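Chemist: Quick one, upload-v7.txt (compact mmCIF, C-alpha atoms):
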# COMPACT_ATOMS: atom_id res chain seq x y z
CA MET A 1 -1.84 -23.99 -44.40
CA HIS A 2 -4.18 -21.14 -43.54
CA GLU A 3 -6.40 -22.93 -41.04
CA PHE A 4 -4.94 -20.97 -38.12
CA SER A 5 -5.94 -17.61 -39.57
CA LEU A 6 -9.42 -18.90 -40.42
CA VAL A 7 -9.92 -20.41 -36.96
CA ARG A 8 -8.90 -17.00 -35.55
CA SER A 9 -11.72 -15.40 -37.59
CA LEU A 10 -14.05 -18.13 -36.37
CA LEU A 11 -13.16 -17.42 -32.73
CA GLU A 12 -13.67 -13.67 -33.24
CA GLN A 13 -17.24 -14.38 -34.35
CA VAL A 14 -17.73 -16.73 -31.41
CA GLU A 15 -16.42 -14.07 -28.97
CA ARG A 16 -18.79 -11.51 -30.46
CA ILE A 17 -21.75 -13.82 -29.85
CA VAL A 18 -20.67 -14.61 -26.29
CA THR A 19 -20.48 -10.85 -25.59
CA GLU A 20 -23.87 -10.19 -27.22
CA GLN A 21 -25.40 -12.86 -25.00
CA GLY A 22 -23.66 -11.47 -21.93
CA GLY A 23 -22.38 -14.99 -21.37
CA ARG A 24 -19.29 -16.24 -19.61
CA ALA A 25 -17.82 -18.35 -22.42
CA ALA A 26 -18.66 -20.58 -25.35
CA VAL A 27 -18.97 -24.22 -24.37
CA GLU A 28 -19.64 -25.66 -27.81
CA VAL A 29 -18.93 -24.43 -31.32
CA ARG A 30 -20.49 -26.21 -34.29
CA VAL A 31 -19.08 -25.71 -37.78
CA GLU A 32 -19.80 -27.05 -41.24
CA ILE A 33 -16.98 -27.93 -43.65
CA GLY A 34 -17.49 -28.92 -47.25
CA PRO A 35 -15.07 -30.56 -49.71
CA LEU A 36 -14.55 -27.28 -51.60
CA SER A 37 -14.25 -25.09 -48.49
CA GLY A 38 -10.48 -24.88 -48.85
CA VAL A 39 -9.91 -26.12 -45.30
CA GLU A 40 -8.91 -29.48 -43.93
CA PRO A 41 -11.09 -30.62 -40.98
CA LEU A 42 -8.15 -32.22 -39.14
CA LEU A 43 -6.12 -29.01 -39.34
CA VAL A 44 -9.13 -26.97 -38.22
CA LYS A 45 -9.48 -29.25 -35.19
CA GLU A 46 -5.78 -28.87 -34.43
CA ALA A 47 -5.85 -25.07 -34.74
CA PHE A 48 -9.02 -24.85 -32.65
CA SER A 49 -7.55 -26.94 -29.83
CA GLN A 50 -4.54 -24.63 -29.70
CA LEU A 51 -6.43 -21.34 -29.93
CA SER A 52 -9.58 -21.97 -27.91
CA VAL A 53 -9.45 -22.38 -24.16
CA ASP A 54 -12.27 -24.73 -23.34
CA ALA A 55 -15.02 -24.89 -25.94
CA THR A 56 -15.78 -28.19 -27.69
CA LEU A 57 -15.61 -28.10 -31.47
CA ILE A 58 -18.09 -30.13 -33.48
CA ILE A 59 -17.42 -30.45 -37.20
CA ASP A 60 -20.18 -31.49 -39.60
CA GLU A 61 -18.61 -32.60 -42.85
CA VAL A 62 -21.13 -32.04 -45.64
CA PRO A 63 -21.07 -33.27 -49.25
CA LEU A 64 -20.56 -30.99 -52.22
CA MET A 65 -23.99 -30.38 -53.76
CA ALA A 66 -24.80 -28.60 -57.01
CA ARG A 67 -27.87 -27.66 -59.04
CA CYS A 68 -28.03 -27.98 -62.82
CA HIS A 69 -29.16 -24.88 -64.71
CA SER A 70 -30.55 -26.97 -67.59
CA CYS A 71 -32.55 -29.73 -65.91
CA ALA A 72 -32.84 -28.06 -62.48
CA ARG A 73 -31.89 -31.27 -60.69
CA GLU A 74 -29.68 -31.31 -57.62
CA PHE A 75 -26.81 -33.75 -57.42
CA GLU A 76 -23.74 -34.58 -55.36
CA LEU A 77 -20.50 -33.53 -57.00
CA LYS A 78 -17.98 -36.32 -56.92
CA ASP A 79 -14.29 -36.03 -57.84
CA PHE A 80 -14.92 -32.34 -58.57
CA ARG A 81 -16.65 -33.20 -61.84
CA PHE A 82 -18.92 -30.17 -62.14
CA ALA A 83 -20.98 -31.34 -65.12
CA CYS A 84 -24.52 -32.55 -64.44
CA PRO A 85 -24.62 -36.39 -64.25
CA HIS A 86 -28.22 -36.37 -65.57
CA CYS A 87 -28.02 -34.19 -68.67
CA ASN A 88 -24.25 -33.51 -68.97
CA SER A 89 -24.73 -29.74 -68.85
CA ARG A 90 -21.72 -27.85 -67.55
CA GLU A 91 -23.83 -24.96 -66.33
CA THR A 92 -24.15 -25.84 -62.67
CA SER A 93 -24.05 -23.90 -59.40
CA ILE A 94 -22.79 -25.13 -56.09
CA VAL A 95 -25.54 -25.06 -53.48
CA ARG A 96 -23.63 -26.52 -50.53
CA GLY A 97 -20.18 -27.71 -49.55
CA ASP A 98 -17.95 -24.89 -50.74
CA THR A 99 -17.78 -23.08 -47.42
CA PHE A 100 -16.41 -23.24 -43.90
CA ARG A 101 -19.36 -21.99 -41.84
CA LEU A 102 -20.07 -21.27 -38.22
CA MET A 103 -23.40 -23.01 -37.60
CA SER A 104 -24.06 -22.46 -33.90
CA VAL A 105 -22.53 -21.43 -30.61
CA THR A 106 -23.60 -22.72 -27.24
CA VAL A 107 -22.95 -20.10 -24.59
CA ASP A 108 -22.69 -20.53 -20.84
CA ILE A 109 -25.20 -17.99 -19.54
CA SER A 110 -25.18 -19.03 -15.88
CA ASP A 111 -24.15 -15.49 -14.86
CA VAL A 112 -26.97 -13.90 -16.86
CA VAL A 113 -29.54 -16.25 -15.36
CA ALA A 114 -28.16 -15.70 -11.87
CA ALA A 115 -28.27 -11.92 -12.38
CA ALA A 116 -31.83 -12.09 -13.74
CA ARG A 117 -32.90 -14.21 -10.78
CA THR A 118 -31.43 -11.70 -8.35
CA SER A 119 -33.18 -8.81 -10.07
CA ASP A 120 -36.44 -10.81 -10.05
CA GLU A 121 -36.03 -11.38 -6.34
CA LEU A 122 -35.32 -7.69 -5.88
CA LEU A 123 -38.42 -6.85 -7.91
CA GLU A 124 -40.47 -9.20 -5.76
CA THR A 125 -39.21 -7.57 -2.59
CA VAL A 126 -39.91 -4.04 -3.80
CA SER A 127 -43.21 -4.72 -5.57
CA PRO A 128 -46.25 -4.03 -3.35
CA SER A 129 -48.20 -7.19 -2.58
CA MET B 130 -24.70 -24.43 -15.58
CA THR B 131 -27.26 -22.86 -17.90
CA HIS B 132 -26.61 -22.90 -21.64
CA ARG B 133 -28.16 -21.20 -24.60
CA THR B 134 -27.51 -22.25 -28.22
CA ILE B 135 -27.41 -19.50 -30.82
CA THR B 136 -27.90 -20.47 -34.45
CA VAL B 137 -25.53 -18.56 -36.72
CA ALA B 138 -25.14 -20.33 -40.12
CA ARG B 139 -22.65 -17.78 -41.39
CA ASP B 140 -19.40 -18.07 -43.31
CA VAL B 141 -16.32 -17.96 -41.09
CA GLN B 142 -15.02 -15.22 -43.42
CA PHE B 143 -18.33 -13.35 -43.44
CA PHE B 144 -16.87 -10.04 -42.22
CA ALA B 145 -13.74 -10.33 -44.39
CA LYS B 146 -15.93 -10.98 -47.44
CA GLN B 147 -18.09 -7.98 -46.60
CA THR B 148 -15.00 -5.75 -46.44
CA ALA B 149 -13.72 -7.25 -49.70
CA ALA B 150 -17.04 -6.42 -51.41
CA GLU B 151 -16.78 -2.80 -50.19
CA VAL B 152 -13.19 -2.55 -51.48
CA ARG B 153 -14.28 -3.98 -54.86
CA GLU B 154 -17.00 -1.34 -55.06
CA GLN B 155 -14.58 1.50 -54.17
CA PHE B 156 -12.15 0.45 -56.92
CA ALA B 157 -15.01 0.16 -59.42
CA ARG B 158 -16.03 3.75 -58.63
CA ARG B 159 -12.42 4.86 -59.25
CA GLY B 160 -12.44 3.02 -62.57
CA THR B 161 -9.68 0.66 -61.44
CA LEU B 162 -9.94 -3.01 -62.45
CA VAL B 163 -8.40 -5.17 -59.71
CA VAL B 164 -6.82 -8.43 -60.88
CA ASN B 165 -5.70 -11.12 -58.44
CA LEU B 166 -3.06 -13.43 -59.95
CA LEU B 167 -2.81 -16.95 -58.53
CA SER B 168 -0.29 -19.62 -59.44
CA SER B 169 2.33 -22.06 -58.25
CA PRO B 170 5.76 -20.55 -57.52
CA GLY B 171 7.76 -19.97 -60.69
CA SER B 172 4.92 -20.04 -63.19
CA GLY B 173 5.85 -16.60 -64.50
CA LYS B 174 3.42 -14.15 -62.87
CA THR B 175 6.07 -11.42 -62.71
CA SER B 176 7.18 -12.09 -66.30
CA LEU B 177 3.55 -11.89 -67.43
CA LEU B 178 3.19 -8.52 -65.70
CA GLN B 179 6.45 -7.27 -67.21
CA ALA B 180 5.22 -8.28 -70.66
CA THR B 181 1.83 -6.65 -69.97
CA ALA B 182 3.53 -3.40 -68.88
CA ARG B 183 5.73 -3.40 -72.00
CA HIS B 184 2.72 -4.00 -74.23
CA TRP B 185 0.72 -1.14 -72.70
CA GLN B 186 3.56 1.30 -72.20
CA GLY B 187 2.06 4.78 -72.15
CA ARG B 188 -1.39 3.61 -73.27
CA HIS B 189 -2.79 2.20 -70.02
CA SER B 190 -1.79 2.84 -66.43
CA MET B 191 -1.09 -0.14 -64.25
CA VAL B 192 0.35 -0.72 -60.78
CA VAL B 193 1.38 -3.93 -59.05
CA LEU B 194 1.26 -5.17 -55.48
CA VAL B 195 3.47 -8.18 -55.34
CA GLY B 196 3.28 -10.71 -52.54
CA ASP B 197 6.05 -13.03 -51.43
CA ILE B 198 7.14 -14.69 -48.25
CA ALA B 199 10.49 -12.89 -48.38
CA THR B 200 12.66 -10.52 -50.50
CA ASP B 201 11.66 -7.60 -52.73
CA ARG B 202 13.12 -9.20 -55.88
CA ASP B 203 9.83 -9.19 -57.79
CA ALA B 204 9.19 -5.50 -57.04
CA GLN B 205 12.73 -4.74 -58.24
CA ARG B 206 11.98 -6.48 -61.53
CA LEU B 207 8.80 -4.46 -61.98
CA THR B 208 9.67 -0.94 -60.81
CA PRO B 209 11.69 0.00 -63.92
CA LEU B 210 8.43 -0.47 -65.84
CA VAL B 211 5.53 0.34 -63.50
CA PRO B 212 4.88 1.48 -59.90
CA ALA B 213 5.12 -1.62 -57.71
CA VAL B 214 5.15 -2.34 -54.00
CA GLN B 215 6.43 -5.54 -52.45
CA LEU B 216 4.24 -7.13 -49.79
CA THR B 217 6.10 -9.65 -47.66
CA THR B 218 3.96 -12.00 -45.64
CA GLY B 219 6.76 -13.25 -43.37
CA GLY B 220 5.82 -16.87 -43.87
CA ALA B 221 2.08 -16.67 -44.45
CA CYS B 222 0.88 -18.64 -47.46
CA HIS B 223 -1.50 -16.04 -48.91
CA LEU B 224 -2.16 -12.31 -49.08
CA ASP B 225 -4.98 -10.82 -47.06
CA LEU B 226 -7.01 -7.70 -47.57
CA ALA B 227 -5.21 -5.70 -44.87
CA LEU B 228 -1.83 -6.25 -46.56
CA VAL B 229 -3.24 -5.31 -49.94
CA GLN B 230 -4.76 -2.10 -48.56
CA ARG B 231 -1.49 -1.15 -46.91
CA GLY B 232 0.31 -1.70 -50.21
CA TRP B 233 -2.25 0.36 -52.12
CA ASP B 234 -1.91 3.23 -49.62
CA ALA B 235 1.89 3.06 -49.89
CA LEU B 236 1.67 3.43 -53.68
CA ALA B 237 -0.40 6.63 -53.37
CA GLU B 238 -1.17 6.52 -57.10
CA GLU B 239 -4.18 8.15 -58.71
CA ASN B 240 -6.02 7.40 -61.93
CA VAL B 241 -4.93 3.80 -62.05
CA GLU B 242 -6.67 1.71 -64.72
CA PHE B 243 -5.37 -1.69 -63.64
CA LEU B 244 -4.26 -2.85 -60.21
CA PHE B 245 -2.58 -6.26 -60.28
CA VAL B 246 -2.15 -8.19 -57.08
CA GLU B 247 0.47 -10.86 -57.54
CA ASN B 248 -0.40 -13.38 -54.86
CA VAL B 249 2.06 -15.65 -53.05
CA GLY B 250 2.94 -18.66 -55.24
CA ASN B 251 0.45 -21.22 -53.97
CA LEU B 252 -2.65 -22.76 -55.56
CA VAL B 253 -4.29 -23.75 -52.28
CA CYS B 254 -4.70 -21.01 -49.66
CA PRO B 255 -5.04 -17.88 -51.87
CA ALA B 256 -8.13 -19.51 -53.43
CA SER B 257 -10.04 -18.99 -50.16
CA HIS B 258 -9.23 -15.31 -49.70
CA ASP B 259 -11.16 -12.55 -51.43
CA LEU B 260 -8.89 -9.54 -51.93
CA GLY B 261 -11.61 -7.31 -53.34
CA GLU B 262 -10.62 -8.24 -56.90
CA HIS B 263 -12.88 -7.97 -59.96
CA LEU B 264 -11.02 -10.68 -61.77
CA ARG B 265 -9.19 -13.76 -60.54
CA VAL B 266 -6.66 -15.19 -62.95
CA ILE B 267 -4.61 -18.38 -62.72
CA VAL B 268 -1.21 -18.57 -64.35
CA LEU B 269 -0.14 -22.12 -65.17
CA SER B 270 3.19 -22.80 -66.84
CA VAL B 271 3.61 -25.85 -69.03
CA PRO B 272 6.52 -27.48 -67.09
CA GLU B 273 4.13 -27.84 -64.11
CA GLY B 274 2.04 -30.40 -65.98
CA ASP B 275 -1.46 -30.32 -67.43
CA ASP B 276 -2.96 -32.10 -64.39
CA LYS B 277 -3.01 -28.94 -62.24
CA PRO B 278 -6.66 -27.95 -62.90
CA ALA B 279 -7.90 -31.35 -61.72
CA LYS B 280 -5.61 -31.24 -58.67
CA TYR B 281 -6.54 -27.73 -57.49
CA PRO B 282 -10.27 -27.46 -58.24
CA LYS B 283 -11.03 -24.61 -55.83
CA ALA B 284 -8.50 -22.23 -57.39
CA PHE B 285 -9.84 -22.97 -60.89
CA ARG B 286 -13.51 -22.93 -59.87
CA THR B 287 -13.17 -19.44 -58.37
CA SER B 288 -11.23 -17.93 -61.31
CA GLN B 289 -12.44 -16.25 -64.47
CA ALA B 290 -9.34 -16.65 -66.64
CA LEU B 291 -6.42 -19.02 -67.12
CA VAL B 292 -3.12 -17.99 -68.66
CA ILE B 293 -1.07 -20.93 -69.88
CA ASN B 294 2.50 -19.62 -69.83
CA LYS B 295 5.87 -20.77 -71.21
CA THR B 296 4.24 -22.27 -74.30
CA ASP B 297 7.64 -21.95 -76.00
CA LEU B 298 8.62 -25.01 -73.90
CA LEU B 299 5.78 -27.18 -75.27
CA PRO B 300 8.09 -29.16 -77.58
CA TYR B 301 10.20 -30.23 -74.59
CA VAL B 302 7.66 -31.14 -71.89
CA PRO B 303 4.67 -33.48 -71.74
CA PHE B 304 1.87 -30.89 -71.57
CA SER B 305 -1.31 -30.81 -73.62
CA VAL B 306 -2.94 -27.37 -73.86
CA ALA B 307 -6.16 -29.10 -74.97
CA HIS B 308 -6.12 -31.44 -71.98
CA ALA B 309 -5.43 -28.65 -69.47
CA THR B 310 -8.15 -26.49 -71.04
CA GLU B 311 -10.66 -29.34 -71.04
CA ASP B 312 -10.00 -30.17 -67.37
CA ALA B 313 -10.09 -26.50 -66.34
CA GLN B 314 -13.37 -25.84 -68.18
CA GLN B 315 -14.85 -28.99 -66.70
CA ILE B 316 -14.39 -27.24 -63.36
CA GLN B 317 -15.21 -23.72 -64.55
CA PRO B 318 -17.05 -23.60 -67.93
CA GLN B 319 -16.81 -19.79 -68.19
CA LEU B 320 -13.02 -19.80 -67.86
CA GLU B 321 -11.28 -17.76 -70.57
CA VAL B 322 -8.02 -19.41 -71.64
CA PHE B 323 -4.93 -17.66 -73.04
CA SER B 324 -1.73 -19.26 -74.29
CA VAL B 325 1.33 -17.07 -73.88
CA ALA B 326 5.11 -17.14 -73.74
CA ALA B 327 5.59 -14.09 -71.51
CA LEU B 328 9.38 -13.94 -71.89
CA HIS B 329 9.02 -13.49 -75.64
CA GLY B 330 5.80 -11.47 -75.58
CA THR B 331 3.92 -14.19 -77.51
CA GLY B 332 0.14 -14.09 -77.02
CA ILE B 333 0.30 -10.98 -74.82
CA GLU B 334 -1.88 -8.95 -77.13
CA SER B 335 -5.03 -11.05 -76.70
CA TRP B 336 -4.45 -11.26 -72.94
CA CYS B 337 -4.18 -7.47 -72.79
CA SER B 338 -7.27 -6.88 -74.92
CA PHE B 339 -9.20 -9.24 -72.65
CA LEU B 340 -8.18 -7.08 -69.66
CA GLU B 341 -9.13 -3.90 -71.52
CA GLN B 342 -12.57 -5.39 -72.31
CA GLN B 343 -13.05 -6.41 -68.70
CA ARG B 344 -12.30 -2.87 -67.58
CA GLN B 345 -14.73 -1.45 -70.17
CA LYS B 346 -17.41 -3.79 -68.81
CA LEU B 347 -16.69 -2.59 -65.28
CA LEU B 348 -16.96 1.05 -66.40
CA ALA B 349 -20.22 0.34 -68.24
CA VAL B 350 -21.79 -1.28 -65.17
CA GLN B 351 -20.57 1.63 -63.07
CA GLN B 352 -22.00 4.15 -65.54
CA ALA B 353 -25.35 2.34 -65.63
CA SER B 354 -25.67 2.34 -61.86
CA GLN B 355 -24.80 6.05 -61.73
CA ASN B 356 -27.45 6.83 -64.33
CA GLN B 357 -30.01 4.97 -62.27
CA GLN B 358 -29.31 7.09 -59.20
Could you take the file, read its structure, and then write that structure out as structure tokens?

Modeler:
Amino acid sequence: MHEFSLVRSLLEQVERIVTEQGGRAAVEVRVEIGPLSGVEPLLVKEAFSQLSVDATLIIDEVPLMARCHSCAREFELKDFRFACPHCNSRETSIVRGDTFRLMSVTVDISDVVAAARTSDELLETVSPS
Amino acid sequence: MTHRTITVARDVQFFAKQTAAEVREQFARRGTLVVNLLSSPGSGKTSLLQATARHWQGRHSMVVLVGDIATDRDAQRLTPLVPAVQLTTGGACHLDLALVQRGWDALAEENVEFLFVENVGNLVCPASHDLGEHLRVIVLSVPEGDDKPAKYPKAFRTSQALVINKTDLLPYVPFSVAHATEDAQQIQPQLEVFSVAALHGTGIESWCSFLEQQRQKLLAVQQASQNQQ
């Protein structure tokens, strides 16, 4: 059970983005979890709810997709059978579904907008008409 | 409230993986092959390392960082043979890069040819954590059953070698080396498979020559990139 440590890494990245944006907080965090990511979505949800104050977590569960080196076709990997279902080649690469990824962060930037508005107003008052 | 959505599309472990890649590069420059050993508890990782150390005695230098939740028993078994440091995770299910680096610093060894990291006995979590290794090896002992590759695909998919240990028990347990190998290579076709009985030193020679070859490859790549510069 390592979901807590991974969700901690996730939240560090989220914090970094909130800071870069000069925002107040993250309101929504969207992640992608594949079958070979090594994490369990339910446990991620649980860890997130305990570690994050108020952001909403959205989990997109994606299928495990691979590409065959021999026939170049893409296919969904079922039951972790890595051989190509079209030509039986074992030389395949995973193209999606083996990671736990941070897809997007929605940041509350009310403060930034308010600050910008104030400076615009200031500019208007000082600029010669 | 005003919102802005930032698209990221980046691995949650992006920064950890970046650090791991740097560590891998540093060890390559030193000529040290880093091997991360994964297995269930009790599969014989420590016995395999003892047998490896005995086989190489005086010919190749190796050190071990050994991870466990508690006790320094494994380090005690290894230190009569090779420099070893115990890393205790205090309950965590896997080793991370910070612990490994602390252990390496504590060893303060130079001119090391092989650094073995004996991970916490667990086939799930360690599979997701890059420790800056050049080689990931799974140790599977025959009493565990030949269904392990199919049950733990991530660990097998991300490894380059499989050591089937305790083969001296094959007459007593229902385990087919062929079946385990077939299932494991279904998941990872490039997987190199070794059959050993570490306690008796059986099969250790081919395992050790595989490691020596892997280190030679690492040195060759390193040499080639130096020549290019």

Chemist: Interatomic distance between atom CA of Ile109 of chain A and atom CA of Gln142 of chain B?

Modeler: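 Computing the Euclidean distance for atom CA of Ile109 of chain A and atom CA of Gln142 of chain B yields 26.1 Å.
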
Chemist: Give the residues of chain A that lie within 10 Å of chain B; count all atoms listed in the file, and format the answer as a count of residues only.

Modeler: 56

Chemist: Which residue is closest to Thr200 of chain B? Choose from B:Thr331, B:Thr217, B:Asn165, B:Gln186 and count only C-alpha atoms.

Modeler: B:Thr217

Chemist: If we count all atoms listed in the file, what is near Cys71 of chain A at a cut-off of 9 Å, once residues fewer than 3 positions away on the same chain are taken out, given as a PDB file with C-alpha atoms, in the frame of the given file?

Modeler:
ATOM      1  CA  ARG A  67     -27.870 -27.660 -59.040  1.00  0.00           C
ATOM      2  CA  CYS A  68     -28.030 -27.980 -62.820  1.00  0.00           C
ATOM      3  CA  GLU A  74     -29.680 -31.310 -57.620  1.00  0.00           C
ATOM      4  CA  CYS A  84     -24.520 -32.550 -64.440  1.00  0.00           C
ATOM      5  CA  HIS A  86     -28.220 -36.370 -65.570  1.00  0.00           C
ATOM      6  CA  CYS A  87     -28.020 -34.190 -68.670  1.00  0.00           C
ATOM      7  CA  SER A  89     -24.730 -29.740 -68.850  1.00  0.00           C
TER       8      SER A  89
END

Chemist: For a test of reading the model, state the distance in Å between atom CA of Ala307 of chain B and atom CA of Leu264 of chain B, rounded to one decimal.

Modeler: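 Going from atom CA of Ala307 of chain B over to atom CA of Leu264 of chain B covers 23.2 Å.
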
Chemist: Just the residues within 8 Å of Arg96 of chain A, please, counting only C-alpha atoms, with nothing from its chain fewer than 6 positions along; format it as JSON, numbers by chain.

Modeler: {"A": [34, 62, 63, 64, 65, 66]}

Chemist: Please tell me which residues are no farther than 10 Å from (1.6, 0.1, -65.3) in the file, counting only C-alpha atoms, and write them as a PyMOL selection string.

Modeler: chain B and resi 178-179+181-193+207-208+210-213+241-245

Chemist: Quote the spacing between atom CA of Pro278 of chain B and atom CA of His329 of chain B in Å to one decimal place.

Modeler: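 Taking atom CA of Pro278 of chain B as the start and atom CA of His329 of chain B as the end point, the length is 24.8 Å.
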
Chemist: Once you count all atoms listed in the file, which residues end up no further than 8 Å from (7.8, -7.6, -50.7) in the file's frame, shown as a ChimeraX atom specification?

Modeler: /B:195-204,214-218

Chemist: Save the residues we just selected, C-alpha atoms, as an mmCIF file, keeping the file's coordinate frame?

Modeler:
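Okay, part_15.cif is ready:
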data_model
loop_
_atom_site.group_PDB
_atom_site.id
_atom_site.type_symbol
_atom_site.label_atom_id
_atom_site.label_comp_id
_atom_site.auth_asym_id
_atom_site.auth_seq_id
_atom_site.Cartn_x
_atom_site.Cartn_y
_atom_site.Cartn_z
ATOM 1 C CA VAL B 195 3.470 -8.180 -55.340
ATOM 2 C CA GLY B 196 3.280 -10.710 -52.540
ATOM 3 C CA ASP B 197 6.050 -13.030 -51.430
ATOM 4 C CA ILE B 198 7.140 -14.690 -48.250
ATOM 5 C CA ALA B 199 10.490 -12.890 -48.380
ATOM 6 C CA THR B 200 12.660 -10.520 -50.500
ATOM 7 C CA ASP B 201 11.660 -7.600 -52.730
ATOM 8 C CA ARG B 202 13.120 -9.200 -55.880
ATOM 9 C CA ASP B 203 9.830 -9.190 -57.790
ATOM 10 C CA ALA B 204 9.190 -5.500 -57.040
ATOM 11 C CA VAL B 214 5.150 -2.340 -54.000
ATOM 12 C CA GLN B 215 6.430 -5.540 -52.450
ATOM 13 C CA LEU B 216 4.240 -7.130 -49.790
ATOM 14 C CA THR B 217 6.100 -9.650 -47.660
ATOM 15 C CA THR B 218 3.960 -12.000 -45.640
#

Chemist: Since the input lacks atoms, please generate N, CA, C and O atoms for segment 340-352 of chain B and provide them as a tab-separated table (two decimals), in the coordinates of the input.

Modeler:
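Final output, saved to part07.tsv:
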chain	number	residue	atom	x	y	z
B	340	LEU	N	-8.16	-7.94	-70.86
B	340	LEU	CA	-8.18	-7.08	-69.66
B	340	LEU	C	-8.84	-5.75	-69.97
B	340	LEU	O	-9.63	-5.23	-69.15
B	341	GLU	N	-8.53	-5.18	-71.13
B	341	GLU	CA	-9.13	-3.90	-71.52
B	341	GLU	C	-10.65	-4.03	-71.62
B	341	GLU	O	-11.39	-3.17	-71.14
B	342	GLN	N	-11.11	-5.15	-72.22
B	342	GLN	CA	-12.57	-5.39	-72.31
B	342	GLN	C	-13.20	-5.52	-70.94
B	342	GLN	O	-14.29	-4.99	-70.69
B	343	GLN	N	-12.52	-6.22	-70.05
B	343	GLN	CA	-13.05	-6.41	-68.70
B	343	GLN	C	-13.20	-5.08	-67.99
B	343	GLN	O	-14.16	-4.83	-67.28
B	344	ARG	N	-12.22	-4.18	-68.21
B	344	ARG	CA	-12.30	-2.87	-67.58
B	344	ARG	C	-13.44	-2.05	-68.20
B	344	ARG	O	-14.17	-1.37	-67.50
B	345	GLN	N	-13.62	-2.16	-69.51
B	345	GLN	CA	-14.73	-1.45	-70.17
B	345	GLN	C	-16.06	-1.92	-69.61
B	345	GLN	O	-16.96	-1.11	-69.38
B	346	LYS	N	-16.17	-3.23	-69.38
B	346	LYS	CA	-17.41	-3.79	-68.81
B	346	LYS	C	-17.66	-3.20	-67.43
B	346	LYS	O	-18.77	-2.82	-67.09
B	347	LEU	N	-16.59	-3.13	-66.64
B	347	LEU	CA	-16.69	-2.59	-65.28
B	347	LEU	C	-17.17	-1.14	-65.33
B	347	LEU	O	-18.06	-0.72	-64.57
B	348	LEU	N	-16.59	-0.37	-66.26
B	348	LEU	CA	-16.96	1.05	-66.40
B	348	LEU	C	-18.42	1.18	-66.83
B	348	LEU	O	-19.14	2.05	-66.34
B	349	ALA	N	-18.84	0.29	-67.74
B	349	ALA	CA	-20.22	0.34	-68.24
B	349	ALA	C	-21.21	0.07	-67.12
B	349	ALA	O	-22.22	0.77	-66.98
B	350	VAL	N	-20.91	-0.94	-66.30
B	350	VAL	CA	-21.79	-1.28	-65.17
B	350	VAL	C	-21.85	-0.10	-64.19
B	350	VAL	O	-22.91	0.28	-63.70
B	351	GLN	N	-20.68	0.49	-63.98
B	351	GLN	CA	-20.57	1.63	-63.07
B	351	GLN	C	-21.40	2.81	-63.58
B	351	GLN	O	-22.15	3.45	-62.83
B	352	GLN	N	-21.27	3.05	-64.90
B	352	GLN	CA	-22.00	4.15	-65.54
B	352	GLN	C	-23.51	3.92	-65.43
B	352	GLN	O	-24.26	4.83	-65.07
